[in-house]
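Novice: Handing you this structure, nothing more for now.
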Amino acid sequence: MREWKAVEIEKEITAKMPEINRSIIRSRKERVIRRRPRDPEEQKILDRICIYKWQKALAEGKVKILNNREWYYEFD
């Protein structure tokens, strides 16, 4: 049986780590879940973008109000 030293094990791990990480990332089938909350400034910017896109869709007639609780939004 072969004996391993801690230094050899660490070298093996660091040598194979990038390849293993790439294969793990490629094999994911679902969307990655965010682990940290959004920055407040980032949230404000995203809100502005969303409101702008909604108002633009309303102006272009891409949103159709079917009744009080149902709308149809035409995506591009």
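Each chain in the structure tokens gets a letter, A, B, ..., in the order shown, and its residues are numbered from 1; ligands are numbered from 1 in order too.
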Could you pull out the residues in range 5-74 of chain A that DSSP calls helix (DSSP H, G or I) from the backbone, as an NGL selection string?
Specialist: :A and (6-27 or 40-60)
Novice: Write a file of the just-selected residues containing N, CA and C atoms, as a compact mmCIF listing (two decimals), in the first residue's frame.
Specialist:
```txt
# COMPACT_ATOMS: atom_id res chain seq x y z
N ALA A 6 0.96 14.55 3.64
CA ALA A 6 -0.03 15.63 3.57
C ALA A 6 0.31 16.61 2.45
N VAL A 7 1.56 16.86 2.22
CA VAL A 7 1.99 17.79 1.17
C VAL A 7 1.61 17.25 -0.20
N GLU A 8 1.81 15.93 -0.40
CA GLU A 8 1.45 15.31 -1.68
C GLU A 8 -0.05 15.37 -1.93
N ILE A 9 -0.82 15.14 -0.88
CA ILE A 9 -2.29 15.19 -1.01
C ILE A 9 -2.72 16.60 -1.40
N GLU A 10 -2.16 17.60 -0.75
CA GLU A 10 -2.51 18.99 -1.06
C GLU A 10 -2.15 19.34 -2.50
N LYS A 11 -1.00 18.87 -2.97
CA LYS A 11 -0.59 19.13 -4.35
C LYS A 11 -1.58 18.50 -5.33
N GLU A 12 -2.00 17.26 -5.07
CA GLU A 12 -2.97 16.58 -5.93
C GLU A 12 -4.29 17.36 -5.98
N ILE A 13 -4.73 17.79 -4.82
CA ILE A 13 -6.00 18.52 -4.73
C ILE A 13 -5.91 19.84 -5.49
N THR A 14 -4.86 20.61 -5.27
CA THR A 14 -4.75 21.91 -5.95
C THR A 14 -4.56 21.75 -7.45
N ALA A 15 -3.94 20.66 -7.88
CA ALA A 15 -3.76 20.44 -9.31
C ALA A 15 -5.07 20.10 -10.01
N LYS A 16 -5.95 19.36 -9.35
CA LYS A 16 -7.20 18.92 -9.98
C LYS A 16 -8.39 19.83 -9.69
N MET A 17 -8.24 20.77 -8.78
CA MET A 17 -9.36 21.61 -8.36
C MET A 17 -10.01 22.40 -9.49
N PRO A 18 -9.28 23.11 -10.36
CA PRO A 18 -9.95 23.88 -11.42
C PRO A 18 -10.77 23.00 -12.36
N GLU A 19 -10.24 21.85 -12.72
CA GLU A 19 -10.96 20.94 -13.61
C GLU A 19 -12.23 20.41 -12.95
N ILE A 20 -12.14 20.07 -11.70
CA ILE A 20 -13.30 19.56 -10.97
C ILE A 20 -14.36 20.64 -10.81
N ASN A 21 -13.95 21.85 -10.48
CA ASN A 21 -14.90 22.96 -10.35
C ASN A 21 -15.62 23.23 -11.66
N ARG A 22 -14.89 23.21 -12.78
CA ARG A 22 -15.51 23.42 -14.09
C ARG A 22 -16.55 22.33 -14.38
N SER A 23 -16.21 21.08 -14.08
CA SER A 23 -17.16 20.00 -14.36
C SER A 23 -18.40 20.11 -13.47
N ILE A 24 -18.24 20.53 -12.24
CA ILE A 24 -19.39 20.70 -11.34
C ILE A 24 -20.29 21.81 -11.87
N ILE A 25 -19.70 22.93 -12.28
CA ILE A 25 -20.48 24.07 -12.78
C ILE A 25 -21.21 23.69 -14.06
N ARG A 26 -20.56 22.98 -14.95
CA ARG A 26 -21.19 22.57 -16.21
C ARG A 26 -22.32 21.58 -16.00
N SER A 27 -22.23 20.75 -14.97
CA SER A 27 -23.23 19.71 -14.77
C SER A 27 -24.50 20.23 -14.09
N PRO A 40 -28.54 47.23 -1.04
CA PRO A 40 -29.68 48.16 -1.19
C PRO A 40 -29.59 49.02 -2.45
N GLU A 41 -28.41 49.46 -2.82
CA GLU A 41 -28.25 50.27 -4.03
C GLU A 41 -28.54 49.43 -5.27
N GLU A 42 -28.07 48.19 -5.27
CA GLU A 42 -28.34 47.29 -6.39
C GLU A 42 -29.84 47.05 -6.52
N GLN A 43 -30.53 46.88 -5.38
CA GLN A 43 -31.97 46.66 -5.39
C GLN A 43 -32.71 47.87 -5.97
N LYS A 44 -32.28 49.07 -5.61
CA LYS A 44 -32.91 50.28 -6.15
C LYS A 44 -32.73 50.35 -7.66
N ILE A 45 -31.53 50.03 -8.14
CA ILE A 45 -31.26 50.07 -9.58
C ILE A 45 -32.12 49.04 -10.30
N LEU A 46 -32.20 47.83 -9.76
CA LEU A 46 -33.03 46.79 -10.38
C LEU A 46 -34.51 47.17 -10.39
N ASP A 47 -34.96 47.82 -9.30
CA ASP A 47 -36.35 48.29 -9.25
C ASP A 47 -36.62 49.32 -10.34
N ARG A 48 -35.68 50.26 -10.52
CA ARG A 48 -35.85 51.29 -11.56
C ARG A 48 -35.90 50.66 -12.95
N ILE A 49 -35.02 49.69 -13.19
CA ILE A 49 -35.01 49.01 -14.49
C ILE A 49 -36.34 48.30 -14.73
N CYS A 50 -36.83 47.63 -13.71
CA CYS A 50 -38.09 46.89 -13.82
C CYS A 50 -39.26 47.85 -14.08
N ILE A 51 -39.32 48.95 -13.35
CA ILE A 51 -40.39 49.94 -13.54
C ILE A 51 -40.31 50.54 -14.94
N TYR A 52 -39.10 50.84 -15.40
CA TYR A 52 -38.92 51.39 -16.75
C TYR A 52 -39.43 50.42 -17.81
N LYS A 53 -39.05 49.15 -17.68
CA LYS A 53 -39.48 48.15 -18.66
C LYS A 53 -41.00 47.96 -18.63
N TRP A 54 -41.59 48.00 -17.44
CA TRP A 54 -43.05 47.85 -17.31
C TRP A 54 -43.76 49.03 -17.99
N GLN A 55 -43.30 50.24 -17.71
CA GLN A 55 -43.92 51.42 -18.32
C GLN A 55 -43.75 51.43 -19.83
N LYS A 56 -42.61 50.98 -20.31
CA LYS A 56 -42.37 50.89 -21.75
C LYS A 56 -43.31 49.87 -22.38
N ALA A 57 -43.50 48.73 -21.71
CA ALA A 57 -44.41 47.69 -22.22
C ALA A 57 -45.85 48.20 -22.25
N LEU A 58 -46.24 48.96 -21.23
CA LEU A 58 -47.59 49.55 -21.21
C LEU A 58 -47.76 50.52 -22.38
N ALA A 59 -46.74 51.36 -22.60
CA ALA A 59 -46.82 52.36 -23.66
C ALA A 59 -46.87 51.71 -25.05
N GLU A 60 -46.16 50.59 -25.21
CA GLU A 60 -46.14 49.91 -26.50
C GLU A 60 -47.32 48.96 -26.70
```
Novice: Which residues in chain A does DSSP call strand (DSSP E or B)? List them as a tab-separated table (two decimals) with C-alpha atoms, in the first residue's frame.
Specialist:
```tsv
chain	number	residue	atom	x	y	z
A	63	VAL	CA	-49.60	44.48	-21.59
A	64	LYS	CA	-53.24	43.56	-21.90
A	65	ILE	CA	-55.47	43.69	-18.84
A	71	TRP	CA	-52.92	40.40	-17.28
A	72	TYR	CA	-51.25	39.24	-20.44
A	73	TYR	CA	-47.64	40.36	-20.91
```
Novice: CA of Phe75 in chain A to CA of Glu30 in chain A: how many Å, to one decimal?
Specialist: 21.9 Å
